[in-house]
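These notes concern the structure reproduced below.
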Amino acid sequence: MYGQLYKEILRRNLSSKYDYRGYDYDQNYINIGLKNFKDLKYKLNVLDIEKQTPIESDITICSATYEHLDQPEIALANLFKSTKECLILRTMVGSENIFFEQTSEKYVDKPYNINQFNLYDLAIKFFKNGFNFNCIQDCATKNSSTYEVGKGSKVFIIAGEKFSSN
């Protein structure tokens with residue numbers, strides 16, 4: 001939880017409009033966030049998205065997390081359950097689902113997942129859970145081909161607004 005989104009909220013003087021809460025799987029990353037943003041002391045929590053559903057919120061943003069999970073299906077179901085209005089998912093998307101564990105000591109201290117998700121499959125999941133589906137390539141993040149999972153793999157921002165019940 002480095003707090004990049006919160007930093008932008010502060011920079012744009014929007015903190016009075018948002019009740020920001022942050023989650024991370026690892027307390028060490030929350031501690032890093034707290035070094036920079038002491039005012040978030042009671043708003044950052046450890047959460048295993050594969051085992052727990054976050055508290056209900058209007059807007060949910062899951063960035064640089066989904067592609068590293070062991071059970072992304074369960075995590076996405078938890079995100080859908082906890083989101084009232086808009087779910088934003090920033091993850092690796094390509095033409096096929098690829099689940100890969102990075103184990104090379106050249107790149108990592110301990111193994112972790114680097115997964116890619118099929119765009120069509122993600123769209124179906126959003127629609128089945130009552131959300132529309134918009135997909136935008138993340139051009140702000142400079143991705144290295146070293147981290148490509150599959151040919152043509154890119155990081156995308158997927159935004160879905162919940163369908164109104166009218």
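Labels for the structure tokens follow display order: chains A, B, ..., residues from 1 in each chain, ligands from 1.
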
If you run DSSP over the backbone, which residues in stretch 36-152 of chain A end up helix (DSSP H, G or I)? Put them as JSON, numbers by chain. {"A": [36, 38, 39, 40, 66, 67, 68, 72, 73, 74, 75, 76, 77, 78, 79, 80, 81, 82, 119, 120, 121, 122, 123, 124, 125, 126, 127, 128, 145, 146, 147]}

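The environment of A:Phe163 within 8 Å, counting only C-alpha atoms and disregarding residues fewer than 5 places along the same chain, consists of Gly130, Phe131 and Asn132 of chain A.
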
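The environment of stretch 126-129 of chain A within 9 Å, counting only C-alpha atoms and disregarding residues fewer than 3 places along the same chain, consists of Ala77, Phe80, Lys81, Asp121, Leu122, Ala123, Asn132, Phe133, Gly160, Lys162 and Phe163 of chain A.
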
Where in chain A does DSSP assign strand (DSSP E), given as JSON, numbers by chain? {"A": [22, 23, 24, 44, 45, 46, 57, 58, 59, 60, 61, 62, 63, 83, 84, 85, 86, 87, 88, 89, 90, 91, 92, 93, 94, 101, 102, 112, 113, 117, 118, 134, 135, 136, 137, 154, 155, 156, 157, 158, 159, 160, 161]}

Test item: residues at most 8 Å from A:Asn78, only C-alpha atoms, excluding those fewer than 6 positions along its chain, as a ChimeraX atom specification: /A:49-50,52-54

I need the residues from that last selection saved to file as a PDB file, in the first residue's frame (with N, CA and C atoms), if you can.
ATOM      1  N   ILE A  49      -7.915 -10.679   0.224  1.00  0.00           N
ATOM      2  CA  ILE A  49      -9.087 -10.564  -0.652  1.00  0.00           C
ATOM      3  C   ILE A  49      -9.582 -11.926  -1.133  1.00  0.00           C
ATOM      4  N   GLU A  50      -8.749 -12.940  -1.028  1.00  0.00           N
ATOM      5  CA  GLU A  50      -9.167 -14.286  -1.416  1.00  0.00           C
ATOM      6  C   GLU A  50      -9.939 -14.994  -0.300  1.00  0.00           C
ATOM      7  N   GLN A  52     -11.498 -12.830   2.430  1.00  0.00           N
ATOM      8  CA  GLN A  52     -12.355 -11.865   3.106  1.00  0.00           C
ATOM      9  C   GLN A  52     -12.969 -10.908   2.078  1.00  0.00           C
ATOM     10  N   THR A  53     -14.142 -10.428   2.416  1.00  0.00           N
ATOM     11  CA  THR A  53     -14.789  -9.412   1.601  1.00  0.00           C
ATOM     12  C   THR A  53     -14.525  -8.054   2.255  1.00  0.00           C
ATOM     13  N   PRO A  54     -14.034  -7.082   1.496  1.00  0.00           N
ATOM     14  CA  PRO A  54     -13.827  -5.744   2.079  1.00  0.00           C
ATOM     15  C   PRO A  54     -15.156  -5.140   2.536  1.00  0.00           C
TER      16      PRO A  54
END

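Atom CA of A:Ser63 to atom CA of A:Asp26 spans 14.9 Å [interatomic distance, one decimal].
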
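Atom to atom, atom CA of A:Leu14 and atom CA of A:Leu76 stand 27.5 Å apart.
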
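Considering the residues A:Ser57, A:Asn36, A:Gln116, A:Ser82 and counting only C-alpha atoms, A:Asp19 has its shortest atom-to-atom contact with A:Ser57.
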
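Those residues that approach stretch 28-34 of chain A to within 12 Å, counting only C-alpha atoms, are Met1, Tyr2, Gly3, Gln4, Leu5, Tyr6, Lys7, Arg21, Gly22, Leu40, Lys41, Tyr42, Lys43, Leu44, Asn45, Val46 and Leu47 of chain A; same-chain residues fewer than 6 positions away are not listed.
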
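Between atom CA of A:Glu56 and atom CA of A:Cys139 the separation is 29.5 Å.
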
Test item: residues at most 7 Å from A:Ile59, only C-alpha atoms, excluding those fewer than 6 positions along its chain, as a PyMOL selection string: chain A and resi 83-87

Writer output for current selection, C-alpha atoms, as a compact mmCIF listing (two decimals), in the first residue's frame:
# COMPACT_ATOMS: atom_id res chain seq x y z
CA THR A 83 -18.97 -2.65 -4.43
CA LYS A 84 -22.12 -0.52 -4.55
CA GLU A 85 -21.42 1.65 -7.63
CA CYS A 86 -18.12 1.22 -9.50
CA LEU A 87 -15.39 -1.43 -9.62

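Neighbouring residues of stretch 103-112 of chain A at 9 Å or closer, counting only C-alpha atoms and skipping chain neighbours under 6 positions away, are His68, Leu69 and Asp70 of chain A.
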